[in-house]
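Asker: My structure is stored as protein-v9.cif, with mmCIF, C-alpha atoms, pLDDT in the B column; chains and numbers go by the auth columns.
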data_query
#
loop_
_atom_site.group_PDB
_atom_site.id
_atom_site.type_symbol
_atom_site.label_atom_id
_atom_site.label_comp_id
_atom_site.label_asym_id
_atom_site.label_seq_id
_atom_site.Cartn_x
_atom_site.Cartn_y
_atom_site.Cartn_z
_atom_site.B_iso_or_equiv
_atom_site.auth_seq_id
_atom_site.auth_asym_id
ATOM 1 C CA MET A 1 0.000 0.000 0.000 71.00 14 T
ATOM 2 C CA ARG A 2 1.359 3.423 -0.980 87.00 15 T
ATOM 3 C CA LEU A 3 0.837 6.585 1.012 95.00 16 T
ATOM 4 C CA GLU A 4 -2.352 8.253 -0.211 97.00 17 T
ATOM 5 C CA HIS A 5 -3.107 11.969 -0.227 97.00 18 T
ATOM 6 C CA ILE A 6 -6.776 12.843 0.215 96.00 19 T
ATOM 7 C CA GLN A 7 -7.394 16.371 -1.076 94.00 20 T
ATOM 8 C CA GLY A 8 -10.784 16.525 0.546 93.00 21 T
ATOM 9 C CA ARG A 9 -13.643 18.807 1.407 93.00 22 T
ATOM 10 C CA THR A 10 -15.240 19.131 4.807 93.00 23 T
ATOM 11 C CA PHE A 11 -18.731 20.474 5.397 93.00 24 T
ATOM 12 C CA HIS A 12 -20.317 21.466 8.728 91.00 25 T
ATOM 13 C CA ALA A 13 -23.911 22.539 9.258 90.00 26 T
ATOM 14 C CA ARG A 14 -25.540 23.415 12.569 87.00 27 T
ATOM 15 C CA ARG A 15 -29.196 22.432 12.797 83.00 28 T
ATOM 16 C CA GLY A 16 -31.902 23.868 15.043 77.00 29 T
ATOM 17 C CA ALA A 17 -33.123 27.373 15.787 74.00 30 T
ATOM 18 C CA LEU A 18 -29.679 28.911 15.267 81.00 31 T
ATOM 19 C CA LYS A 19 -28.097 27.807 12.007 83.00 32 T
ATOM 20 C CA ASN A 20 -24.553 28.078 10.704 86.00 33 T
ATOM 21 C CA ALA A 21 -22.821 26.272 7.838 88.00 34 T
ATOM 22 C CA PHE A 22 -19.402 26.303 6.203 87.00 35 T
ATOM 23 C CA HIS A 23 -17.139 24.187 4.019 89.00 36 T
ATOM 24 C CA TYR A 24 -13.458 24.273 3.131 91.00 37 T
ATOM 25 C CA GLY A 25 -10.660 22.171 1.678 91.00 38 T
ATOM 26 C CA VAL A 26 -8.548 19.883 3.842 92.00 39 T
ATOM 27 C CA ASP A 27 -5.519 17.671 3.293 94.00 40 T
ATOM 28 C CA TYR A 28 -5.564 14.196 4.812 95.00 41 T
ATOM 29 C CA VAL A 29 -3.232 11.259 4.319 97.00 42 T
ATOM 30 C CA LEU A 30 -4.034 7.559 4.489 97.00 43 T
ATOM 31 C CA TRP A 31 -0.991 5.983 6.122 97.00 44 T
ATOM 32 C CA ALA A 32 -0.094 2.421 7.133 95.00 45 T
ATOM 33 C CA PRO A 33 2.763 1.333 9.416 88.00 46 T
ATOM 34 C CA ASP A 34 4.078 -0.994 6.684 83.00 47 T
ATOM 35 C CA GLN A 35 3.950 1.862 4.189 79.00 48 T
ATOM 36 C CA GLY A 36 7.354 1.308 2.678 79.00 49 T
ATOM 37 C CA GLU A 37 8.797 4.124 0.588 85.00 50 T
ATOM 38 C CA THR A 38 7.035 7.496 0.867 93.00 51 T
ATOM 39 C CA PRO A 39 7.502 10.843 -0.904 96.00 52 T
ATOM 40 C CA ARG A 40 10.507 12.860 0.273 96.00 53 T
ATOM 41 C CA LEU A 41 8.267 15.600 1.689 97.00 54 T
ATOM 42 C CA PHE A 42 6.527 13.174 4.082 97.00 55 T
ATOM 43 C CA SER A 43 7.974 11.194 6.982 96.00 56 T
ATOM 44 C CA HIS A 44 7.045 9.137 10.038 95.00 57 T
ATOM 45 C CA ASN A 45 8.473 10.137 13.446 95.00 58 T
ATOM 46 C CA ARG A 46 10.821 12.583 11.756 95.00 59 T
ATOM 47 C CA PHE A 47 10.479 16.311 11.042 96.00 60 T
ATOM 48 C CA ASN A 48 9.516 17.190 7.481 96.00 61 T
ATOM 49 C CA LEU A 49 7.225 19.459 5.494 96.00 62 T
ATOM 50 C CA TRP A 50 4.440 16.961 6.321 96.00 63 T
ATOM 51 C CA PHE A 51 4.853 14.202 8.915 96.00 64 T
ATOM 52 C CA ILE A 52 3.130 11.893 11.390 96.00 65 T
ATOM 53 C CA ARG A 53 4.419 11.242 14.908 96.00 66 T
ATOM 54 C CA ASP A 54 3.238 8.291 16.977 96.00 67 T
ATOM 55 C CA ARG A 55 2.937 10.447 20.084 96.00 68 T
ATOM 56 C CA HIS A 56 0.184 12.471 18.370 97.00 69 T
ATOM 57 C CA HIS A 57 -2.045 9.432 17.781 97.00 70 T
ATOM 58 C CA GLY A 58 -3.165 6.250 19.500 96.00 71 T
ATOM 59 C CA GLY A 59 -3.513 6.867 23.218 96.00 72 T
ATOM 60 C CA PRO A 60 -3.571 9.908 25.512 96.00 73 T
ATOM 61 C CA ARG A 61 -3.150 13.213 23.731 95.00 74 T
ATOM 62 C CA GLY A 62 0.537 14.067 23.394 93.00 75 T
ATOM 63 C CA ASP A 63 1.547 10.655 24.757 96.00 76 T
ATOM 64 C CA GLY A 64 0.297 8.317 22.058 97.00 77 T
ATOM 65 C CA HIS A 65 1.723 4.972 20.969 97.00 78 T
ATOM 66 C CA GLY A 66 0.629 4.931 17.350 96.00 79 T
ATOM 67 C CA VAL A 67 -0.643 1.759 15.737 97.00 80 T
ATOM 68 C CA ASP A 68 0.405 -0.396 18.714 97.00 81 T
ATOM 69 C CA TRP A 69 -2.388 1.263 20.705 98.00 82 T
ATOM 70 C CA PHE A 70 -4.970 0.555 17.993 98.00 83 T
ATOM 71 C CA ARG A 71 -3.821 -3.060 17.753 98.00 84 T
ATOM 72 C CA GLN A 72 -4.272 -3.415 21.514 98.00 85 T
ATOM 73 C CA VAL A 73 -7.756 -1.855 21.350 98.00 86 T
ATOM 74 C CA LEU A 74 -8.768 -4.389 18.707 98.00 87 T
ATOM 75 C CA SER A 75 -7.217 -7.304 20.597 98.00 88 T
ATOM 76 C CA GLU A 76 -9.100 -6.378 23.786 98.00 89 T
ATOM 77 C CA ARG A 77 -12.346 -6.650 21.809 97.00 90 T
ATOM 78 C CA ASP A 78 -11.401 -10.020 20.246 97.00 91 T
ATOM 79 C CA PHE A 79 -11.148 -8.550 16.768 98.00 92 T
ATOM 80 C CA PRO A 80 -9.502 -11.053 14.349 96.00 93 T
ATOM 81 C CA LEU A 81 -6.143 -9.426 13.640 97.00 94 T
ATOM 82 C CA ASP A 82 -4.728 -12.067 11.276 95.00 95 T
ATOM 83 C CA GLY A 83 -4.988 -10.784 7.734 94.00 96 T
ATOM 84 C CA THR A 84 -6.057 -7.313 8.907 97.00 97 T
ATOM 85 C CA ARG A 85 -4.393 -4.124 7.673 97.00 98 T
ATOM 86 C CA LEU A 86 -4.371 -1.174 10.081 97.00 99 T
ATOM 87 C CA VAL A 87 -4.348 2.352 8.640 97.00 100 T
ATOM 88 C CA LEU A 88 -4.616 5.919 9.900 98.00 101 T
ATOM 89 C CA LEU A 89 -6.620 8.632 8.143 98.00 102 T
ATOM 90 C CA THR A 90 -5.411 11.970 9.484 97.00 103 T
ATOM 91 C CA GLN A 91 -4.262 15.494 8.776 95.00 104 T
ATOM 92 C CA PRO A 92 -0.459 15.267 9.082 95.00 105 T
ATOM 93 C CA SER A 93 1.662 17.785 10.961 94.00 106 T
ATOM 94 C CA PHE A 94 2.896 20.688 8.845 93.00 107 T
ATOM 95 C CA LEU A 95 6.371 22.063 9.656 92.00 108 T
ATOM 96 C CA GLY A 96 5.885 21.076 13.302 90.00 109 T
ATOM 97 C CA LEU A 97 2.370 22.516 13.649 89.00 110 T
ATOM 98 C CA HIS A 98 -0.155 19.921 14.737 91.00 111 T
ATOM 99 C CA PHE A 99 -3.851 19.888 15.559 90.00 112 T
ATOM 100 C CA ASN A 100 -6.458 17.406 14.397 91.00 113 T
ATOM 101 C CA PRO A 101 -10.170 17.790 15.215 92.00 114 T
ATOM 102 C CA VAL A 102 -10.645 14.126 14.287 95.00 115 T
ATOM 103 C CA SER A 103 -8.516 11.290 12.936 97.00 116 T
ATOM 104 C CA PHE A 104 -9.599 7.752 12.125 98.00 117 T
ATOM 105 C CA TRP A 105 -7.856 4.457 12.883 98.00 118 T
ATOM 106 C CA ILE A 106 -9.346 1.888 10.483 98.00 119 T
ATOM 107 C CA ALA A 107 -9.090 -1.915 10.465 98.00 120 T
ATOM 108 C CA LEU A 108 -9.348 -3.302 6.923 98.00 121 T
ATOM 109 C CA ARG A 109 -10.018 -6.884 5.890 97.00 122 T
ATOM 110 C CA ASP A 110 -9.913 -7.465 2.118 95.00 123 T
ATOM 111 C CA ASP A 111 -9.722 -3.649 1.862 94.00 124 T
ATOM 112 C CA ARG A 112 -13.108 -3.300 3.576 97.00 125 T
ATOM 113 C CA PRO A 113 -13.449 -1.447 6.892 98.00 126 T
ATOM 114 C CA CYS A 114 -14.576 -3.745 9.706 98.00 127 T
ATOM 115 C CA ALA A 115 -13.859 -1.448 12.664 98.00 128 T
ATOM 116 C CA PHE A 116 -12.627 2.077 13.231 98.00 129 T
ATOM 117 C CA VAL A 117 -11.811 4.493 16.019 98.00 130 T
ATOM 118 C CA ALA A 118 -12.742 8.163 15.712 98.00 131 T
ATOM 119 C CA GLU A 119 -9.992 9.968 17.628 98.00 132 T
ATOM 120 C CA VAL A 120 -11.619 13.286 18.565 97.00 133 T
ATOM 121 C CA ASN A 121 -9.672 16.277 19.928 95.00 134 T
ATOM 122 C CA ASN A 122 -10.978 19.625 21.111 93.00 135 T
ATOM 123 C CA THR A 123 -9.167 22.960 21.301 90.00 136 T
ATOM 124 C CA PHE A 124 -9.016 22.714 25.110 91.00 137 T
ATOM 125 C CA GLY A 125 -6.433 19.916 25.145 92.00 138 T
ATOM 126 C CA ASP A 126 -8.817 16.968 25.615 95.00 139 T
ATOM 127 C CA ARG A 127 -9.247 13.755 23.632 97.00 140 T
ATOM 128 C CA HIS A 128 -11.848 11.004 23.511 97.00 141 T
ATOM 129 C CA CYS A 129 -11.937 8.026 21.166 98.00 142 T
ATOM 130 C CA TYR A 130 -15.101 6.352 19.874 98.00 143 T
ATOM 131 C CA PHE A 131 -14.738 2.693 18.880 98.00 144 T
ATOM 132 C CA CYS A 132 -17.144 1.755 16.085 98.00 145 T
ATOM 133 C CA ALA A 133 -17.930 -1.716 14.737 97.00 146 T
ATOM 134 C CA HIS A 134 -20.733 -4.200 14.276 96.00 147 T
ATOM 135 C CA PRO A 135 -20.945 -6.821 17.042 95.00 148 T
ATOM 136 C CA ASP A 136 -19.773 -9.554 14.633 96.00 149 T
ATOM 137 C CA PHE A 137 -17.131 -7.302 12.993 97.00 150 T
ATOM 138 C CA ARG A 138 -18.713 -7.728 9.571 97.00 151 T
ATOM 139 C CA PRO A 139 -17.673 -5.101 6.992 97.00 152 T
ATOM 140 C CA ILE A 140 -19.146 -1.642 7.513 97.00 153 T
ATOM 141 C CA ALA A 141 -21.166 -0.749 4.424 97.00 154 T
ATOM 142 C CA ALA A 142 -21.887 2.769 3.212 95.00 155 T
ATOM 143 C CA ARG A 143 -25.545 2.482 4.239 95.00 156 T
ATOM 144 C CA ASP A 144 -24.722 1.288 7.770 96.00 157 T
ATOM 145 C CA THR A 145 -25.104 3.683 10.689 96.00 158 T
ATOM 146 C CA ILE A 146 -23.150 3.276 13.904 97.00 159 T
ATOM 147 C CA THR A 147 -24.233 5.254 16.947 97.00 160 T
ATOM 148 C CA ALA A 148 -22.167 6.383 19.935 97.00 161 T
ATOM 149 C CA GLU A 149 -23.003 8.409 23.010 97.00 162 T
ATOM 150 C CA LYS A 150 -21.322 11.834 23.036 96.00 163 T
ATOM 151 C CA LEU A 151 -19.001 11.958 26.040 96.00 164 T
ATOM 152 C CA MET A 152 -16.569 14.838 25.445 96.00 165 T
ATOM 153 C CA HIS A 153 -16.958 18.611 25.259 91.00 166 T
ATOM 154 C CA VAL A 154 -16.146 19.697 21.710 91.00 167 T
ATOM 155 C CA SER A 155 -17.753 23.117 21.294 87.00 168 T
ATOM 156 C CA PRO A 156 -18.773 25.711 23.908 83.00 169 T
ATOM 157 C CA PHE A 157 -22.010 26.065 21.924 82.00 170 T
ATOM 158 C CA GLN A 158 -23.071 22.418 22.394 85.00 171 T
ATOM 159 C CA ASP A 159 -23.972 20.292 25.402 87.00 172 T
ATOM 160 C CA VAL A 160 -22.174 17.107 26.362 92.00 173 T
ATOM 161 C CA ALA A 161 -25.323 15.099 25.695 93.00 174 T
ATOM 162 C CA GLY A 162 -26.985 13.298 22.826 95.00 175 T
ATOM 163 C CA GLN A 163 -25.280 11.002 20.376 96.00 176 T
ATOM 164 C CA TYR A 164 -23.165 10.732 17.256 96.00 177 T
ATOM 165 C CA THR A 165 -24.130 8.706 14.206 97.00 178 T
ATOM 166 C CA PHE A 166 -21.238 7.620 11.977 98.00 179 T
ATOM 167 C CA ASN A 167 -21.393 6.571 8.317 97.00 180 T
ATOM 168 C CA LEU A 168 -18.326 5.393 6.393 97.00 181 T
ATOM 169 C CA ASP A 169 -18.414 5.031 2.610 97.00 182 T
ATOM 170 C CA TRP A 170 -15.168 3.350 1.574 97.00 183 T
ATOM 171 C CA SER A 171 -14.112 2.326 -1.924 96.00 184 T
ATOM 172 C CA ALA A 172 -10.919 1.915 -3.933 94.00 185 T
ATOM 173 C CA THR A 173 -11.313 5.417 -5.366 96.00 186 T
ATOM 174 C CA LYS A 174 -12.856 7.588 -2.633 97.00 187 T
ATOM 175 C CA ILE A 175 -13.541 8.064 1.065 97.00 188 T
ATOM 176 C CA ALA A 176 -16.700 9.682 2.415 97.00 189 T
ATOM 177 C CA LEU A 177 -17.313 10.084 6.155 97.00 190 T
ATOM 178 C CA ARG A 178 -20.455 11.475 7.737 97.00 191 T
ATOM 179 C CA ILE A 179 -20.866 12.323 11.424 97.00 192 T
ATOM 180 C CA ALA A 180 -24.262 13.553 12.623 96.00 193 T
ATOM 181 C CA TYR A 181 -24.605 14.892 16.159 94.00 194 T
ATOM 182 C CA GLU A 182 -28.149 14.909 17.551 93.00 195 T
ATOM 183 C CA ASN A 183 -29.430 16.230 20.860 91.00 196 T
ATOM 184 C CA GLY A 184 -33.172 16.725 20.794 86.00 197 T
ATOM 185 C CA ASP A 185 -34.008 19.312 18.147 82.00 198 T
ATOM 186 C CA GLN A 186 -30.396 20.516 18.009 84.00 199 T
ATOM 187 C CA GLY A 187 -27.546 18.999 16.037 89.00 200 T
ATOM 188 C CA VAL A 188 -24.555 19.308 13.747 91.00 201 T
ATOM 189 C CA LEU A 189 -23.770 17.506 10.503 94.00 202 T
ATOM 190 C CA ALA A 190 -20.108 17.088 9.525 93.00 203 T
ATOM 191 C CA THR A 191 -18.765 15.377 6.418 95.00 204 T
ATOM 192 C CA LEU A 192 -15.375 14.611 4.908 95.00 205 T
ATOM 193 C CA THR A 193 -15.116 13.511 1.275 97.00 206 T
ATOM 194 C CA GLY A 194 -12.215 13.064 -1.072 97.00 207 T
ATOM 195 C CA ALA A 195 -10.670 10.960 -3.815 97.00 208 T
ATOM 196 C CA ARG A 196 -7.964 8.434 -2.974 97.00 209 T
ATOM 197 C CA ARG A 197 -4.781 9.252 -4.868 96.00 210 T
ATOM 198 C CA ALA A 198 -1.174 8.177 -4.441 95.00 211 T
ATOM 199 C CA ALA A 199 0.762 10.885 -2.628 96.00 212 T
ATOM 200 C CA SER A 200 3.556 12.626 -4.538 96.00 213 T
ATOM 201 C CA ASP A 201 6.035 15.358 -3.707 97.00 214 T
ATOM 202 C CA GLY A 202 4.339 17.617 -6.228 97.00 215 T
ATOM 203 C CA ALA A 203 0.884 17.162 -4.670 95.00 216 T
ATOM 204 C CA LEU A 204 2.207 17.624 -1.110 96.00 217 T
ATOM 205 C CA LEU A 205 4.089 20.779 -2.112 96.00 218 T
ATOM 206 C CA TRP A 206 1.015 22.167 -3.884 94.00 219 T
ATOM 207 C CA ALA A 207 -1.079 21.469 -0.788 92.00 220 T
ATOM 208 C CA ALA A 208 1.401 23.443 1.331 92.00 221 T
ATOM 209 C CA LEU A 209 1.189 26.403 -1.057 92.00 222 T
ATOM 210 C CA ARG A 210 -2.563 26.240 -1.605 88.00 223 T
ATOM 211 C CA ARG A 211 -3.529 25.714 2.068 87.00 224 T
ATOM 212 C CA PRO A 212 -0.551 26.978 4.087 81.00 225 T
ATOM 213 C CA PHE A 213 0.063 26.900 7.855 79.00 226 T
ATOM 214 C CA GLY A 214 -1.466 23.447 8.386 77.00 227 T
ATOM 215 C CA ALA A 215 -2.790 23.129 11.941 74.00 228 T
ATOM 216 C CA ALA A 216 -2.674 26.897 12.516 79.00 229 T
ATOM 217 C CA ARG A 217 -5.110 27.316 9.634 83.00 230 T
ATOM 218 C CA VAL A 218 -7.433 24.664 11.096 80.00 231 T
ATOM 219 C CA VAL A 219 -7.453 26.289 14.543 82.00 232 T
ATOM 220 C CA ALA A 220 -8.019 29.733 13.007 85.00 233 T
ATOM 221 C CA LEU A 221 -11.021 28.449 11.038 83.00 234 T
ATOM 222 C CA ILE A 222 -12.494 26.824 14.170 82.00 235 T
ATOM 223 C CA HIS A 223 -12.221 30.061 16.132 80.00 236 T
ATOM 224 C CA TRP A 224 -13.621 32.093 13.238 83.00 237 T
ATOM 225 C CA GLN A 225 -16.749 29.924 13.182 83.00 238 T
ATOM 226 C CA ALA A 226 -16.969 30.195 16.999 82.00 239 T
ATOM 227 C CA LEU A 227 -16.867 33.984 16.676 84.00 240 T
ATOM 228 C CA LYS A 228 -19.714 33.875 14.163 81.00 241 T
ATOM 229 C CA LEU A 229 -21.815 31.788 16.562 80.00 242 T
ATOM 230 C CA TRP A 230 -21.017 34.139 19.444 79.00 243 T
ATOM 231 C CA ARG A 231 -22.135 37.126 17.345 82.00 244 T
ATOM 232 C CA LYS A 232 -25.381 35.250 16.615 81.00 245 T
ATOM 233 C CA ARG A 233 -25.820 34.971 20.421 79.00 246 T
ATOM 234 C CA ALA A 234 -25.535 31.208 20.558 79.00 247 T
ATOM 235 C CA PRO A 235 -25.785 29.993 24.186 77.00 248 T
ATOM 236 C CA PHE A 236 -22.311 29.513 25.677 80.00 249 T
ATOM 237 C CA ARG A 237 -21.456 26.478 27.840 84.00 250 T
ATOM 238 C CA PRO A 238 -18.363 26.476 30.090 84.00 251 T
ATOM 239 C CA LYS A 239 -15.937 23.602 29.676 84.00 252 T
ATOM 240 C CA PRO A 240 -16.946 20.641 31.872 85.00 253 T
ATOM 241 C CA THR A 241 -14.659 18.014 33.362 88.00 254 T
ATOM 242 C CA PRO A 242 -13.355 15.765 30.563 89.00 255 T
ATOM 243 C CA PRO A 243 -14.372 12.087 30.507 91.00 256 T
ATOM 244 C CA GLN A 244 -12.427 9.779 32.799 90.00 257 T
ATOM 245 C CA THR A 245 -12.023 7.119 30.122 95.00 258 T
ATOM 246 C CA LEU A 246 -10.064 7.536 26.895 97.00 259 T
ATOM 247 C CA ILE A 247 -12.212 5.275 24.729 98.00 260 T
ATOM 248 C CA SER A 248 -15.848 4.197 24.591 97.00 261 T
ATOM 249 C CA ASP A 249 -17.690 1.668 22.426 97.00 262 T
ATOM 250 C CA ASN A 250 -20.585 2.350 20.101 95.00 263 T
ATOM 251 C CA LEU A 251 -24.112 1.548 21.187 90.00 264 T
ATOM 252 C CA PRO A 252 -25.542 -1.839 20.129 83.00 265 T
ATOM 253 C CA ASP A 253 -27.045 -1.933 16.634 70.00 266 T
ATOM 254 C CA GLY A 254 -30.399 -0.203 16.560 49.00 267 T
ATOM 255 C CA GLU A 255 -30.106 1.277 20.052 52.00 268 T
ATOM 256 C CA ALA A 256 -30.382 5.015 20.636 44.00 269 T
ATOM 257 C CA ARG A 257 -29.788 6.901 23.826 43.00 270 T
ATOM 258 C CA THR A 258 -31.031 10.396 24.681 36.00 271 T
#
As structure tokens, please, write out the structure in this file.
Answerer:
Amino acid sequence: MRLEHIQGRTFHARRGALKNAFHYGVDYVLWAPDQGETPRLFSHNRFNLWFIRDRHHGGPRGDGHGVDWFRQVLSERDFPLDGTRLVLLTQPSFLGLHFNPVSFWIALRDDRPCAFVAEVNNTFGDRHCYFCAHPDFRPIAARDTITAEKLMHVSPFQDVAGQYTFNLDWSATKIALRIAYENGDQGVLATLTGARRAASDGALLWAALRRPFGAARVVALIHWQALKLWRKRAPFRPKPTPPQTLISDNLPDGEART
């Protein structure tokens, strides 16, 4: 498997009495530990224009263990690891700047996703991971919905209540992720879509020129949208105590919790 560069689009829409929507381009990579040769402008555990460090992913924020953590998570849930390929879908660090609202650890069997972890980070330094899979670990189809209870504070304009619904549309040519947050008559829809293409130095350099500053740009966009909500007089919630556990499992198929 070669390193893949996902030149994607993300869309967010707030639902309810107070609405807000935006979309912008993002650069993700699909990386595997057994990646082999990668473009010169990308590296693993080494500084570069774009890079991934294990300490940024897989475990407590800033003290991660990379794919070893994901392998342990799967093993603890009796997931069949033989013949499984483990990959990470994430926004890589850019010239040392790093922040990722959400990354995805994905377990593939015959190039079909059978489990994934949504690794969610907020701008307050917290992290919570949502493990998603069917009880029998059958492949996750595009039409399947997997539901998880929201446990971590993400936005000061949302409660820590309600639930997330995840959809993953995975093919050899594209990736499409949909996360819907619902809490009564309030909610947020977030999507990430993009074509799967082999990463190249030219594409990675163009991404740096077209969307510079990496994580700093992401954080700036988050705060810009927060300012717009504040000016619309969205109710503000103070930051609560973060969850005591790092990871939680999705609700059983068909179950919803309010």
Asker: Report as a list in words all protein, DNA and RNA residues lying within 6 Å of region 173-184 of chain T, evaluated on all atoms listed in the file, omitting residues in the same chain fewer than 3 positions from it.
Answerer: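 Counting only the stated atoms, we get Ala155, Thr158, Ile159, Thr160, Ala161, Glu162, Lys163, His166, Lys187, Ile188, Ala189, Leu190, Arg191, Ile192, Ala193, Tyr194, Glu195, Asn196 and Thr271 of chain T.
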Asker: Which neighbours of Ser106 (chain T) fall inside 8 Å, counting all atoms listed in the file, when residues of the same chain fewer than 6 positions from it are skipped, and could you give them as JSON, numbers by chain?
Answerer: {"T": [62, 63, 64, 65, 112, 227, 228]}
Asker: Within 8 Å of Ala128 (chain T), counting only C-alpha atoms, which residues show up once you throw out same-chain ones fewer than 2 positions away? Write them as a list in words, please.
Answerer: Ile119, Ala120, Leu121, Pro126, Val130, Phe144, Cys145, Ala146, His147, Phe150, Pro152 and Ile153 of chain T
Asker: Which residue, T:Arg209, T:Asn113, T:Phe137, T:Asp172, has the smallest gap to Trp44 (chain T) when you use all atoms listed in the file?
Answerer: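 Of the candidates, the smallest distance to Trp44 (chain T) is held by T:Arg209.
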Asker: By how many Å are CA of Arg156 (chain T) and CA of Phe117 (chain T) apart?
Answerer: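 CA of Phe117 (chain T) lies at a distance of 18.6 Å from CA of Arg156 (chain T).
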Asker: Choose the residue, out of T:Pro114, T:Pro255, T:Pro52, T:Pro148, that has the smallest atom-to-atom separation from Thr23 (chain T); count only C-alpha atoms.
Answerer: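 Using only C-alpha atoms, Thr23 (chain T) sits closest to T:Pro114.
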Asker: Which of these, T:Thr206, T:Gln20, T:Thr254, T:Thr136, has the shortest distance to Val232 (chain T) once you count only C-alpha atoms?
Answerer: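 Distance minimum relative to Val232 (chain T) lands on T:Thr136.
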Asker: What would the selection look like, as a list in words, if the PyMOL selection byres ((chain T and resi 261) around 8) were run on the coordinates I just shared?
Answerer: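 Written out, the selection comes to His141, Cys142, Tyr143, Phe144, Thr258, Leu259, Ile260, Asp262 and Asn263 of chain T.
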Asker: Figure out the distance between CA of Thr204 (chain T) and CA of Glu17 (chain T), please, to one decimal in Å.
Answerer: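 So the answer is 19.1 Å.
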Asker: One decimal, Å: what's the distance from CA of Arg28 (chain T) over to CA of Val201 (chain T), could you say?
Answerer: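 Atom-to-atom, CA of Arg28 (chain T) and CA of Val201 (chain T) are spaced 5.7 Å apart.
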Asker: Can you work out which one of T:Leu101, T:Lys32, T:Leu94, T:His69 has the shortest atom-to-atom distance to Pro46 (chain T), counting all atoms listed in the file?
Answerer: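 Among the listed residues, the smallest separation from Pro46 (chain T) belongs to T:Leu101.
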Asker: Nearest to Leu54 (chain T): which of T:Val100, T:Ala203, T:Leu264, T:Leu108 is it, counting only C-alpha atoms?
Answerer: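 Going through T:Val100, T:Ala203, T:Leu264, T:Leu108 one by one, the smallest distance to Leu54 (chain T) is for T:Leu108.
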Asker: Kindly indicate which residue among T:Leu164, T:Val42, T:Val133, T:Ala233 lies nearest to Leu102 (chain T), using only C-alpha atoms for the distances.
Answerer: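 Of all the options, T:Val42 lies closest to Leu102 (chain T).
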Asker: Could I get region 222-233 of chain T from the block written as an mmCIF file, in the first residue's frame, with N, CA, C and O atoms?
Answerer:
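To be explicit, this is the file written out as decode_15.cif:
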data_model
loop_
_atom_site.group_PDB
_atom_site.id
_atom_site.type_symbol
_atom_site.label_atom_id
_atom_site.label_comp_id
_atom_site.auth_asym_id
_atom_site.auth_seq_id
_atom_site.Cartn_x
_atom_site.Cartn_y
_atom_site.Cartn_z
ATOM 1 N N LEU T 222 1.305 25.063 -0.485
ATOM 2 C CA LEU T 222 1.189 26.403 -1.057
ATOM 3 C C LEU T 222 -0.276 26.846 -1.134
ATOM 4 O O LEU T 222 -0.593 28.015 -0.906
ATOM 5 N N ARG T 223 -1.147 25.904 -1.435
ATOM 6 C CA ARG T 223 -2.563 26.240 -1.605
ATOM 7 C C ARG T 223 -3.263 26.452 -0.269
ATOM 8 O O ARG T 223 -4.111 27.339 -0.132
ATOM 9 N N ARG T 224 -2.923 25.612 0.736
ATOM 10 C CA ARG T 224 -3.529 25.714 2.068
ATOM 11 C C ARG T 224 -2.408 25.748 3.099
ATOM 12 O O ARG T 224 -2.140 24.747 3.772
ATOM 13 N N PRO T 225 -1.731 26.899 3.216
ATOM 14 C CA PRO T 225 -0.551 26.978 4.087
ATOM 15 C C PRO T 225 -0.911 26.983 5.572
ATOM 16 O O PRO T 225 -2.065 27.136 5.947
ATOM 17 N N PHE T 226 0.116 26.792 6.388
ATOM 18 C CA PHE T 226 0.063 26.900 7.855
ATOM 19 C C PHE T 226 -0.552 25.688 8.546
ATOM 20 O O PHE T 226 -0.596 25.630 9.764
ATOM 21 N N GLY T 227 -1.054 24.705 7.791
ATOM 22 C CA GLY T 227 -1.466 23.447 8.386
ATOM 23 C C GLY T 227 -2.403 23.600 9.560
ATOM 24 O O GLY T 227 -3.508 24.142 9.450
ATOM 25 N N ALA T 228 -1.953 23.130 10.749
ATOM 26 C CA ALA T 228 -2.790 23.129 11.941
ATOM 27 C C ALA T 228 -3.205 24.536 12.344
ATOM 28 O O ALA T 228 -4.307 24.745 12.857
ATOM 29 N N ALA T 229 -2.326 25.525 12.156
ATOM 30 C CA ALA T 229 -2.674 26.897 12.516
ATOM 31 C C ALA T 229 -3.885 27.376 11.714
ATOM 32 O O ALA T 229 -4.749 28.078 12.238
ATOM 33 N N ARG T 230 -3.958 26.962 10.460
ATOM 34 C CA ARG T 230 -5.110 27.316 9.634
ATOM 35 C C ARG T 230 -6.380 26.656 10.170
ATOM 36 O O ARG T 230 -7.439 27.295 10.246
ATOM 37 N N VAL T 231 -6.277 25.382 10.566
ATOM 38 C CA VAL T 231 -7.433 24.664 11.096
ATOM 39 C C VAL T 231 -7.955 25.336 12.361
ATOM 40 O O VAL T 231 -9.155 25.572 12.521
ATOM 41 N N VAL T 232 -7.050 25.651 13.284
ATOM 42 C CA VAL T 232 -7.453 26.289 14.543
ATOM 43 C C VAL T 232 -8.069 27.660 14.272
ATOM 44 O O VAL T 232 -9.069 28.043 14.893
ATOM 45 N N ALA T 233 -7.481 28.413 13.337
ATOM 46 C CA ALA T 233 -8.019 29.733 13.007
ATOM 47 C C ALA T 233 -9.445 29.621 12.447
ATOM 48 O O ALA T 233 -10.326 30.419 12.802
#
